[in-house]
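A.B. asks: Supplied in structure tokens, the structure appears directly below.
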Amino acid sequence: MRTSVDISFDMTDITAKGDSTVTVTDIQSFTNPDDLTLDGVYATKAATLEENYWKLDGTFEVFPDKPQWYTWGIWSAGLSGTDGLFAAPIVLTITFNNPHTINGIGFEFNPHDNSYCSDMTVIFYNGETVIHTLELMPDEWRYSYDVDVENFSKIEMTFRKMNKPGRYLKLQSIIYGKTIDFERADITKANLLEDIDPTSSELTVNTFDFGIYSKNNDFNIFDPSGIYTDLRKKQQINVTGNINGTTGGYGVFYIDSWKSASGKELQFNTVDAVGIMDGTTFLGGMYENKPIEELIQEITKDAGFGYMIDSDMAGITVRGWLPALSHREALQQAAIAVGGYIDTSRSGAVRLRSQPDFENDPSYDLWMSRKQVGTEVSLKTLVTGVDVTGHSYSLSSAEETIYQASLSEGSYRIIFGDPVSVTGITGGTILESGVNYCSITVSTAGNVAITGKKYTDNTNIASVRLEDLPPGEKENILTLENATLIASEKARETAERIFAYHQRRIEQSIGFVLNGETVGGIADVEISPDVYRQAVIERMEIDMFGGYLTKAVVTGE
């Protein structure tokens, strides 16, 4: 079996995307140029009728019913001609609120069949003055060009030709900086962890830990001219793998920490988008029949990341309150409220997925002949019941002081511990307010008082219990109290769903060589000759440097 791993290391201006506004002259109605202002946009491998594109090899997904609930980057409305040229060149304009300086620029086109724009112009402006022009001829779907450009405030890109006929221009990301590619000869280790909780009782973080050896001094911590001095948290890492000639994306990650193992060797710990969202704040809100796809979009775009919503989740609504909390916590609350879970595996996007379906989902065969020595089987602790608190919020008619303090001159954002409706202020001016916060300015130091009306949380508890407790077993009740997006009428449904999942108690730790398996998938595990049991793949530790040897944790019957 032939395997390899490639790592693309983006040394970028991590502020540029979030500081940009994008317009384009030709675009499909379901795509949005704002996607190019986000990180982690990695379009799904969706089947289209482009010329010789949709291969019937089982790797393509049916084009989604709700394509607007995915981030695609941009797709042109027009196709390239037989000579690869567009009938009219496509012009994309990016303006920035602040000037930026870069040491390279890169593009991610379509990874699924290596199609890309092969003839393009990039013009950098400072104001309306042209400061640099590039004539580029990309030769791969992920292409970068080293160039130093200082203090630009606008970029204009003109795309003239594709490398293949009958293709849309698909541009999923622009890289504002230099890209460094590492192949197997440069890599000393590459360990990928993919982990999910299908019940969304927690939102786990995928990680990718790797080591590289630089033949020169680029990563020498003692060399002030080396790349090491430019390392920043949240620099993007793209991981590509190849098994027996089949290449695929294995995720987009962001630097969390690093250390120098020697003068030329560096060890990196990276996290996925969820890990980055752990340290950011979502201001939340009060929602009344909010479609889940709109809420997921609101959370992820506020955090600066791409998203996908499975079509069977779209249209489900939520009613309740989200306090001000991290974007990671907000996603977990949203997912558990609708019976889904969040997954970033094999993609950069944050994906809301429905719980695994043992009856209808396709399955992977984990035959005994594939298993490595050392399979462990255990019985998880019996869950005998689940209590879920449902919430219903009503606004009080009484107005009262909800915040009071002596403040100096300046601007402030006040975060409330409970939901309120702000009605007024003395000693300052309200700039913006929501149920969890109030942004104000104080022009003269002194006492500031904010008035408002409070929401009351009317709760009910839905309980599900095991009908017959086995002899010798003790009660083990799971409680879910603070999921404030679970409305009163949804509490029992949630309790039943969580209880049912936990009744599949057999946990197996299995070693095998990866062959397309993904977390969240159903595995048919051969436990003895010709005897199979179904299980959900919840966790996989993949040694991509060591032949894709995988240690998986599966839970089922």
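For the structure tokens, the naming scheme is as follows: chains receive sequential letters (A, B, ...) according to their order of presentation, residues are indexed from 1 within each chain, and ligands are indexed from 1 in presentation order.
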When you look at range 130-139 of chain A with a cut-off of 7 Å (counting only C-alpha atoms), what residues show up, excluding the ones that are within fewer than 4 positions of it in the same chain? I need them as a list in words.

C.D. replies: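 Neighbouring residues, sequence-local ones excluded: Cys117, Ser118, Asp119, Met120, Thr121, Val122, Ile123, Phe124, Tyr125, Asn126 and Tyr143 of chain A.
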
A.B. asks: Taking the chain letters and numbering used in this document, name the residues of range 95-147 of chain A that DSSP puts in strand (DSSP E or B), as a VMD selection string.

C.D. replies: chain A and resid 95 to 108 110 115 117 to 126 129 to 136 142 to 147

A.B. asks: Give me, please, the distance in Å between CA of Ile430 in chain A and CA of Gly304 in chain A, quoted to one decimal.

C.D. replies: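 It comes out at 26.5 Å.
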
A.B. asks: State, in Å with one decimal place, the distance from CA of Ile74 in chain A to CA of Ile90 in chain A.

C.D. replies: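 Going from CA of Ile74 in chain A over to CA of Ile90 in chain A, I get 11.2 Å.
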
A.B. asks: Go through range 383-497 of chain A and flag each residue having an atom no more than 9 Å from range 502-522 of chain A; for those, report the closest pair of atoms plus their distance in Å to one decimal, using only C-alpha atoms, ordered by chain and rising number, as a Markdown table.

C.D. replies:
| residue | atom | partner | partner_atom | distance |
| --- | --- | --- | --- | --- |
| A:Val383 | CA | A:His502 | CA | 6.4 |
| A:Thr384 | CA | A:Gln503 | CA | 8.7 |
| A:Arg497 | CA | A:His502 | CA | 8.9 |

A.B. asks: Within range 285-530 of chain A, find each residue whose DSSP state, derived from the backbone, is alpha helix (DSSP H), and express the selection as a JSON list (two decimals) with all heavy atoms, in the first residue's frame.

C.D. replies:
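New file selection_6.json:
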[["chain", "number", "residue", "atom", "x", "y", "z"],
["A", 292, "ILE", "N", -32.47, 26.82, 11.99],
["A", 292, "ILE", "CA", -31.15, 26.46, 12.49],
["A", 292, "ILE", "C", -30.06, 26.84, 11.50],
["A", 292, "ILE", "O", -28.95, 27.23, 11.89],
["A", 292, "ILE", "CB", -31.08, 24.95, 12.83],
["A", 292, "ILE", "CG1", -29.75, 24.61, 13.53],
["A", 292, "ILE", "CG2", -31.27, 24.10, 11.60],
["A", 292, "ILE", "CD1", -29.51, 25.34, 14.84],
["A", 293, "GLU", "N", -30.36, 26.77, 10.20],
["A", 293, "GLU", "CA", -29.33, 27.13, 9.22],
["A", 293, "GLU", "C", -28.95, 28.59, 9.33],
["A", 293, "GLU", "O", -27.79, 28.96, 9.15],
["A", 293, "GLU", "CB", -29.78, 26.80, 7.80],
["A", 293, "GLU", "CG", -31.05, 27.46, 7.35],
["A", 293, "GLU", "CD", -32.28, 26.62, 7.58],
["A", 293, "GLU", "OE1", -32.25, 25.79, 8.51],
["A", 293, "GLU", "OE2", -33.26, 26.78, 6.84],
["A", 294, "GLU", "N", -29.91, 29.45, 9.67],
["A", 294, "GLU", "CA", -29.60, 30.87, 9.85],
["A", 294, "GLU", "C", -28.77, 31.09, 11.11],
["A", 294, "GLU", "O", -27.86, 31.93, 11.12],
["A", 294, "GLU", "CB", -30.89, 31.68, 9.91],
["A", 294, "GLU", "CG", -31.67, 31.71, 8.60],
["A", 294, "GLU", "CD", -32.91, 32.58, 8.69],
["A", 294, "GLU", "OE1", -33.08, 33.29, 9.71],
["A", 294, "GLU", "OE2", -33.72, 32.55, 7.74],
["A", 295, "LEU", "N", -29.06, 30.33, 12.16],
["A", 295, "LEU", "CA", -28.30, 30.49, 13.40],
["A", 295, "LEU", "C", -26.87, 29.98, 13.23],
["A", 295, "LEU", "O", -25.92, 30.64, 13.68],
["A", 295, "LEU", "CB", -29.00, 29.76, 14.55],
["A", 295, "LEU", "CG", -28.32, 29.86, 15.92],
["A", 295, "LEU", "CD1", -28.11, 31.32, 16.33],
["A", 295, "LEU", "CD2", -29.13, 29.11, 16.98],
["A", 296, "ILE", "N", -26.69, 28.83, 12.60],
["A", 296, "ILE", "CA", -25.34, 28.31, 12.36],
["A", 296, "ILE", "C", -24.55, 29.29, 11.50],
["A", 296, "ILE", "O", -23.37, 29.58, 11.77],
["A", 296, "ILE", "CB", -25.40, 26.94, 11.68],
["A", 296, "ILE", "CG1", -26.02, 25.90, 12.62],
["A", 296, "ILE", "CG2", -24.01, 26.50, 11.22],
["A", 296, "ILE", "CD1", -25.19, 25.58, 13.84],
["A", 297, "GLN", "N", -25.18, 29.83, 10.48],
["A", 297, "GLN", "CA", -24.52, 30.82, 9.63],
["A", 297, "GLN", "C", -24.13, 32.05, 10.45],
["A", 297, "GLN", "O", -23.01, 32.57, 10.30],
["A", 297, "GLN", "CB", -25.46, 31.23, 8.49],
["A", 297, "GLN", "CG", -24.85, 32.24, 7.53],
["A", 297, "GLN", "CD", -25.87, 32.77, 6.55],
["A", 297, "GLN", "OE1", -26.90, 33.30, 6.94],
["A", 297, "GLN", "NE2", -25.59, 32.62, 5.26],
["A", 298, "GLU", "N", -25.01, 32.50, 11.31],
["A", 298, "GLU", "CA", -24.74, 33.68, 12.13],
["A", 298, "GLU", "C", -23.54, 33.45, 13.04],
["A", 298, "GLU", "O", -22.66, 34.31, 13.17],
["A", 298, "GLU", "CB", -25.99, 34.00, 12.96],
["A", 298, "GLU", "CG", -25.91, 35.26, 13.79],
["A", 298, "GLU", "CD", -27.21, 35.51, 14.55],
["A", 298, "GLU", "OE1", -28.30, 35.25, 14.00],
["A", 298, "GLU", "OE2", -27.13, 35.97, 15.72],
["A", 299, "ILE", "N", -23.47, 32.27, 13.66],
["A", 299, "ILE", "CA", -22.39, 31.96, 14.59],
["A", 299, "ILE", "C", -21.06, 31.82, 13.86],
["A", 299, "ILE", "O", -20.04, 32.42, 14.25],
["A", 299, "ILE", "CB", -22.71, 30.68, 15.40],
["A", 299, "ILE", "CG1", -23.94, 30.88, 16.28],
["A", 299, "ILE", "CG2", -21.50, 30.29, 16.26],
["A", 299, "ILE", "CD1", -24.48, 29.59, 16.88],
["A", 300, "THR", "N", -21.05, 31.03, 12.79],
["A", 300, "THR", "CA", -19.78, 30.76, 12.11],
["A", 300, "THR", "C", -19.24, 31.98, 11.38],
["A", 300, "THR", "O", -18.04, 32.24, 11.41],
["A", 300, "THR", "CB", -19.93, 29.58, 11.13],
["A", 300, "THR", "OG1", -21.01, 29.85, 10.23],
["A", 300, "THR", "CG2", -20.21, 28.29, 11.87],
["A", 301, "LYS", "N", -20.11, 32.73, 10.73],
["A", 301, "LYS", "CA", -19.63, 33.93, 10.03],
["A", 301, "LYS", "C", -19.13, 34.97, 11.02],
["A", 301, "LYS", "O", -18.16, 35.68, 10.74],
["A", 301, "LYS", "CB", -20.74, 34.50, 9.15],
["A", 301, "LYS", "CG", -21.07, 33.64, 7.94],
["A", 301, "LYS", "CD", -22.02, 34.32, 6.99],
["A", 301, "LYS", "CE", -21.34, 35.39, 6.18],
["A", 301, "LYS", "NZ", -22.20, 35.92, 5.10],
["A", 302, "ASP", "N", -19.77, 35.06, 12.19],
["A", 302, "ASP", "CA", -19.30, 35.98, 13.21],
["A", 302, "ASP", "C", -17.90, 35.58, 13.70],
["A", 302, "ASP", "O", -17.09, 36.43, 14.03],
["A", 302, "ASP", "CB", -20.28, 36.01, 14.39],
["A", 302, "ASP", "CG", -19.96, 37.09, 15.41],
["A", 302, "ASP", "OD1", -20.05, 38.28, 15.05],
["A", 302, "ASP", "OD2", -19.62, 36.74, 16.55],
["A", 303, "ALA", "N", -17.63, 34.27, 13.69],
["A", 303, "ALA", "CA", -16.31, 33.78, 14.08],
["A", 303, "ALA", "C", -15.31, 33.81, 12.93],
["A", 303, "ALA", "O", -14.11, 33.62, 13.14],
["A", 303, "ALA", "CB", -16.41, 32.35, 14.62],
["A", 327, "HIS", "N", -17.96, 31.06, 20.72],
["A", 327, "HIS", "CA", -18.58, 30.53, 19.50],
["A", 327, "HIS", "C", -18.65, 29.00, 19.56],
["A", 327, "HIS", "O", -19.60, 28.40, 19.05],
["A", 327, "HIS", "CB", -17.79, 30.97, 18.28],
["A", 327, "HIS", "CG", -17.93, 32.43, 17.95],
["A", 327, "HIS", "ND1", -17.11, 33.38, 18.51],
["A", 327, "HIS", "CD2", -18.80, 33.09, 17.15],
["A", 327, "HIS", "CE1", -17.46, 34.58, 18.05],
["A", 327, "HIS", "NE2", -18.48, 34.43, 17.22],
["A", 328, "ARG", "N", -17.66, 28.38, 20.18],
["A", 328, "ARG", "CA", -17.69, 26.92, 20.32],
["A", 328, "ARG", "C", -18.89, 26.50, 21.15],
["A", 328, "ARG", "O", -19.63, 25.57, 20.78],
["A", 328, "ARG", "CB", -16.39, 26.44, 20.96],
["A", 328, "ARG", "CG", -16.35, 24.94, 21.23],
["A", 328, "ARG", "CD", -15.06, 24.54, 21.94],
["A", 328, "ARG", "NE", -15.02, 23.13, 22.26],
["A", 328, "ARG", "CZ", -14.02, 22.54, 22.90],
["A", 328, "ARG", "NH1", -12.95, 23.24, 23.28],
["A", 328, "ARG", "NH2", -14.05, 21.23, 23.16],
["A", 329, "GLU", "N", -19.11, 27.15, 22.28],
["A", 329, "GLU", "CA", -20.25, 26.82, 23.13],
["A", 329, "GLU", "C", -21.57, 27.10, 22.43],
["A", 329, "GLU", "O", -22.54, 26.34, 22.56],
["A", 329, "GLU", "CB", -20.16, 27.61, 24.44],
["A", 329, "GLU", "CG", -19.02, 27.20, 25.34],
["A", 329, "GLU", "CD", -18.81, 28.17, 26.49],
["A", 329, "GLU", "OE1", -18.81, 29.40, 26.26],
["A", 329, "GLU", "OE2", -18.68, 27.70, 27.63],
["A", 330, "ALA", "N", -21.61, 28.19, 21.66],
["A", 330, "ALA", "CA", -22.84, 28.53, 20.93],
["A", 330, "ALA", "C", -23.18, 27.45, 19.91],
["A", 330, "ALA", "O", -24.35, 27.07, 19.76],
["A", 330, "ALA", "CB", -22.69, 29.89, 20.25],
["A", 331, "LEU", "N", -22.18, 26.94, 19.20],
["A", 331, "LEU", "CA", -22.42, 25.87, 18.24],
["A", 331, "LEU", "C", -22.92, 24.61, 18.92],
["A", 331, "LEU", "O", -23.83, 23.92, 18.42],
["A", 331, "LEU", "CB", -21.13, 25.56, 17.47],
["A", 331, "LEU", "CG", -20.73, 26.55, 16.38],
["A", 331, "LEU", "CD1", -19.34, 26.21, 15.86],
["A", 331, "LEU", "CD2", -21.73, 26.55, 15.23],
["A", 332, "GLN", "N", -22.33, 24.29, 20.06],
["A", 332, "GLN", "CA", -22.77, 23.09, 20.79],
["A", 332, "GLN", "C", -24.22, 23.24, 21.25],
["A", 332, "GLN", "O", -25.03, 22.30, 21.12],
["A", 332, "GLN", "CB", -21.86, 22.87, 22.00],
["A", 332, "GLN", "CG", -22.16, 21.62, 22.81],
["A", 332, "GLN", "CD", -23.04, 21.90, 24.03],
["A", 332, "GLN", "OE1", -23.05, 23.02, 24.55],
["A", 332, "GLN", "NE2", -23.77, 20.90, 24.47],
["A", 333, "GLN", "N", -24.59, 24.40, 21.75],
["A", 333, "GLN", "CA", -25.97, 24.64, 22.19],
["A", 333, "GLN", "C", -26.94, 24.55, 21.01],
["A", 333, "GLN", "O", -28.03, 23.98, 21.12],
["A", 333, "GLN", "CB", -26.06, 26.03, 22.83],
["A", 333, "GLN", "CG", -25.36, 26.17, 24.15],
["A", 333, "GLN", "CD", -26.30, 26.05, 25.33],
["A", 333, "GLN", "OE1", -27.45, 25.66, 25.20],
["A", 333, "GLN", "NE2", -25.81, 26.39, 26.50],
["A", 334, "ALA", "N", -26.55, 25.11, 19.87],
["A", 334, "ALA", "CA", -27.41, 25.06, 18.69],
["A", 334, "ALA", "C", -27.59, 23.64, 18.19],
["A", 334, "ALA", "O", -28.70, 23.21, 17.84],
["A", 334, "ALA", "CB", -26.84, 25.95, 17.59],
["A", 335, "ALA", "N", -26.50, 22.87, 18.17],
["A", 335, "ALA", "CA", -26.57, 21.50, 17.65],
["A", 335, "ALA", "C", -27.41, 20.59, 18.52],
["A", 335, "ALA", "O", -28.24, 19.81, 18.02],
["A", 335, "ALA", "CB", -25.15, 20.94, 17.50],
["A", 336, "ILE", "N", -27.25, 20.67, 19.83],
["A", 336, "ILE", "CA", -28.01, 19.77, 20.71],
["A", 336, "ILE", "C", -29.50, 20.11, 20.69],
["A", 336, "ILE", "O", -30.35, 19.25, 20.86],
["A", 336, "ILE", "CB", -27.45, 19.80, 22.15],
["A", 336, "ILE", "CG1", -27.91, 18.55, 22.92],
["A", 336, "ILE", "CG2", -27.85, 21.07, 22.89],
["A", 336, "ILE", "CD1", -27.23, 18.38, 24.26],
["A", 337, "ALA", "N", -29.82, 21.37, 20.41],
["A", 337, "ALA", "CA", -31.22, 21.79, 20.39],
["A", 337, "ALA", "C", -31.98, 21.18, 19.22],
["A", 337, "ALA", "O", -33.21, 21.03, 19.27],
["A", 337, "ALA", "CB", -31.33, 23.31, 20.33],
["A", 338, "VAL", "N", -31.26, 20.81, 18.14],
["A", 338, "VAL", "CA", -31.94, 20.27, 16.95],
["A", 338, "VAL", "C", -31.57, 18.81, 16.68],
["A", 338, "VAL", "O", -31.95, 18.25, 15.65],
["A", 338, "VAL", "CB", -31.63, 21.12, 15.70],
["A", 338, "VAL", "CG1", -32.18, 22.52, 15.86],
["A", 338, "VAL", "CG2", -30.13, 21.16, 15.40],
["A", 491, "ALA", "N", -38.25, 19.37, 24.91],
["A", 491, "ALA", "CA", -37.47, 18.74, 25.98],
["A", 491, "ALA", "C", -37.61, 17.22, 25.95],
["A", 491, "ALA", "O", -36.61, 16.49, 26.07],
["A", 491, "ALA", "CB", -37.90, 19.29, 27.34],
["A", 492, "ARG", "N", -38.83, 16.69, 25.79],
["A", 492, "ARG", "CA", -39.00, 15.24, 25.79],
["A", 492, "ARG", "C", -38.34, 14.59, 24.58],
["A", 492, "ARG", "O", -37.67, 13.56, 24.70],
["A", 492, "ARG", "CB", -40.48, 14.88, 25.85],
["A", 492, "ARG", "CG", -40.74, 13.37, 25.82],
["A", 492, "ARG", "CD", -42.07, 13.00, 26.37],
["A", 492, "ARG", "NE", -42.18, 13.36, 27.78],
["A", 492, "ARG", "CZ", -41.66, 12.65, 28.79],
["A", 492, "ARG", "NH1", -41.00, 11.52, 28.52],
["A", 492, "ARG", "NH2", -41.80, 13.04, 30.02],
["A", 493, "GLU", "N", -38.51, 15.18, 23.44],
["A", 493, "GLU", "CA", -37.88, 14.66, 22.23],
["A", 493, "GLU", "C", -36.37, 14.58, 22.40],
["A", 493, "GLU", "O", -35.73, 13.61, 22.00],
["A", 493, "GLU", "CB", -38.24, 15.56, 21.05],
["A", 493, "GLU", "CG", -37.55, 15.24, 19.76],
["A", 493, "GLU", "CD", -37.82, 16.29, 18.70],
["A", 493, "GLU", "OE1", -38.94, 16.84, 18.65],
["A", 493, "GLU", "OE2", -36.89, 16.58, 17.91],
["A", 494, "THR", "N", -35.78, 15.62, 23.01],
["A", 494, "THR", "CA", -34.33, 15.64, 23.24],
["A", 494, "THR", "C", -33.92, 14.56, 24.22],
["A", 494, "THR", "O", -32.92, 13.85, 24.00],
["A", 494, "THR", "CB", -33.90, 17.02, 23.76],
["A", 494, "THR", "OG1", -34.32, 18.03, 22.85],
["A", 494, "THR", "CG2", -32.39, 17.09, 23.93],
["A", 495, "ALA", "N", -34.69, 14.41, 25.30],
["A", 495, "ALA", "CA", -34.37, 13.39, 26.30],
["A", 495, "ALA", "C", -34.42, 11.99, 25.70],
["A", 495, "ALA", "O", -33.55, 11.15, 25.95],
["A", 495, "ALA", "CB", -35.33, 13.50, 27.48],
["A", 496, "GLU", "N", -35.43, 11.73, 24.88],
["A", 496, "GLU", "CA", -35.57, 10.40, 24.26],
["A", 496, "GLU", "C", -34.42, 10.13, 23.30],
["A", 496, "GLU", "O", -33.91, 9.00, 23.23],
["A", 496, "GLU", "CB", -36.92, 10.31, 23.55],
["A", 496, "GLU", "CG", -38.11, 10.28, 24.51],
["A", 496, "GLU", "CD", -39.44, 10.34, 23.79],
["A", 496, "GLU", "OE1", -39.45, 10.66, 22.57],
["A", 496, "GLU", "OE2", -40.48, 10.10, 24.44],
["A", 497, "ARG", "N", -34.01, 11.14, 22.56],
["A", 497, "ARG", "CA", -32.93, 10.98, 21.59],
["A", 497, "ARG", "C", -31.61, 10.66, 22.30],
["A", 497, "ARG", "O", -30.87, 9.74, 21.90],
["A", 497, "ARG", "CB", -32.80, 12.25, 20.76],
["A", 497, "ARG", "CG", -31.70, 12.19, 19.72],
["A", 497, "ARG", "CD", -31.74, 13.41, 18.81],
["A", 497, "ARG", "NE", -31.54, 14.66, 19.53],
["A", 497, "ARG", "CZ", -32.44, 15.63, 19.64],
["A", 497, "ARG", "NH1", -33.62, 15.50, 19.10],
["A", 497, "ARG", "NH2", -32.16, 16.74, 20.32],
["A", 498, "ILE", "N", -31.28, 11.41, 23.33],
["A", 498, "ILE", "CA", -30.03, 11.18, 24.06],
["A", 498, "ILE", "C", -30.06, 9.82, 24.75],
["A", 498, "ILE", "O", -29.07, 9.07, 24.74],
["A", 498, "ILE", "CB", -29.79, 12.32, 25.07],
["A", 498, "ILE", "CG1", -29.56, 13.64, 24.32],
["A", 498, "ILE", "CG2", -28.61, 12.01, 25.97],
["A", 498, "ILE", "CD1", -29.47, 14.85, 25.22],
["A", 499, "PHE", "N", -31.21, 9.49, 25.35],
["A", 499, "PHE", "CA", -31.34, 8.20, 26.05],
["A", 499, "PHE", "C", -31.13, 7.04, 25.07],
["A", 499, "PHE", "O", -30.40, 6.09, 25.34],
["A", 499, "PHE", "CB", -32.71, 8.11, 26.70],
["A", 499, "PHE", "CG", -32.95, 6.82, 27.42],
["A", 499, "PHE", "CD1", -32.43, 6.60, 28.69],
["A", 499, "PHE", "CD2", -33.70, 5.81, 26.83],
["A", 499, "PHE", "CE1", -32.64, 5.39, 29.35],
["A", 499, "PHE", "CE2", -33.92, 4.60, 27.47],
["A", 499, "PHE", "CZ", -33.39, 4.39, 28.73],
["A", 500, "ALA", "N", -31.77, 7.14, 23.89],
["A", 500, "ALA", "CA", -31.68, 6.05, 22.91],
["A", 500, "ALA", "C", -30.23, 5.84, 22.45],
["A", 500, "ALA", "O", -29.78, 4.69, 22.32],
["A", 500, "ALA", "CB", -32.57, 6.35, 21.71],
["A", 501, "TYR", "N", -29.49, 6.93, 22.23],
["A", 501, "TYR", "CA", -28.11, 6.77, 21.77],
["A", 501, "TYR", "C", -27.26, 6.08, 22.82],
["A", 501, "TYR", "O", -26.42, 5.22, 22.50],
["A", 501, "TYR", "CB", -27.50, 8.12, 21.40],
["A", 501, "TYR", "CG", -26.16, 7.96, 20.72],
["A", 501, "TYR", "CD1", -26.08, 7.72, 19.35],
["A", 501, "TYR", "CD2", -24.97, 8.01, 21.44],
["A", 501, "TYR", "CE1", -24.85, 7.53, 18.72],
["A", 501, "TYR", "CE2", -23.75, 7.82, 20.82],
["A", 501, "TYR", "CZ", -23.70, 7.58, 19.47],
["A", 501, "TYR", "OH", -22.48, 7.37, 18.85],
["A", 502, "HIS", "N", -27.49, 6.39, 24.09],
["A", 502, "HIS", "CA", -26.65, 5.84, 25.15],
["A", 502, "HIS", "C", -26.97, 4.37, 25.45],
["A", 502, "HIS", "O", -26.23, 3.73, 26.20],
["A", 502, "HIS", "CB", -26.78, 6.67, 26.42],
["A", 502, "HIS", "CG", -25.96, 7.93, 26.39],
["A", 502, "HIS", "ND1", -24.59, 7.92, 26.48],
["A", 502, "HIS", "CD2", -26.33, 9.23, 26.26],
["A", 502, "HIS", "CE1", -24.14, 9.17, 26.41],
["A", 502, "HIS", "NE2", -25.16, 9.98, 26.27]]

A.B. asks: I'd like the contact shell of Lys170 in chain A - 9 Å cut-off, only C-alpha atoms, skipping same-chain residues fewer than 6 positions apart - returned as a list in words.

C.D. replies: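 So, after excluding close chain neighbours, the residues are Trp72, Gly73, Ile74, Trp75, Ser76, Glu108, Phe109, Asn110, Ser115, Tyr116 and Cys117 of chain A.
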
A.B. asks: I need the chosen residues saved as a compact mmCIF listing (two decimals), in the first residue's frame, with N, CA and C atoms.

C.D. replies:
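Saved result, result.txt, follows:
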# COMPACT_ATOMS: atom_id res chain seq x y z
N TRP A 72 -19.12 28.09 -0.47
CA TRP A 72 -18.48 27.56 -1.65
C TRP A 72 -17.29 28.41 -2.11
N GLY A 73 -17.13 29.61 -1.58
CA GLY A 73 -16.31 30.60 -2.25
C GLY A 73 -17.16 31.20 -3.35
N ILE A 74 -16.57 31.43 -4.51
CA ILE A 74 -17.38 31.91 -5.64
C ILE A 74 -17.35 30.88 -6.77
N TRP A 75 -18.50 30.71 -7.42
CA TRP A 75 -18.61 29.94 -8.66
C TRP A 75 -19.13 30.90 -9.71
N SER A 76 -18.50 30.90 -10.86
CA SER A 76 -18.99 31.76 -11.94
C SER A 76 -20.29 31.19 -12.51
N GLU A 108 -6.93 29.14 -3.87
CA GLU A 108 -7.44 27.78 -3.84
C GLU A 108 -8.62 27.72 -4.79
N PHE A 109 -8.46 26.97 -5.87
CA PHE A 109 -9.53 26.81 -6.85
C PHE A 109 -10.32 25.54 -6.51
N ASN A 110 -10.48 24.62 -7.42
CA ASN A 110 -11.27 23.41 -7.15
C ASN A 110 -10.36 22.22 -6.89
N SER A 115 -8.95 21.59 -11.13
CA SER A 115 -9.26 22.59 -12.15
C SER A 115 -9.01 23.97 -11.56
N TYR A 116 -8.51 24.89 -12.41
CA TYR A 116 -8.06 26.18 -11.90
C TYR A 116 -7.99 27.18 -13.05
N CYS A 117 -7.94 28.45 -12.67
CA CYS A 117 -7.71 29.49 -13.67
C CYS A 117 -6.23 29.45 -14.06

A.B. asks: Kindly give the distance, in Å, that separates CA of Thr444 in chain A and CA of Glu400 in chain A, rounded to a single decimal.

C.D. replies: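 CA of Glu400 in chain A lies 23.3 Å from CA of Thr444 in chain A.
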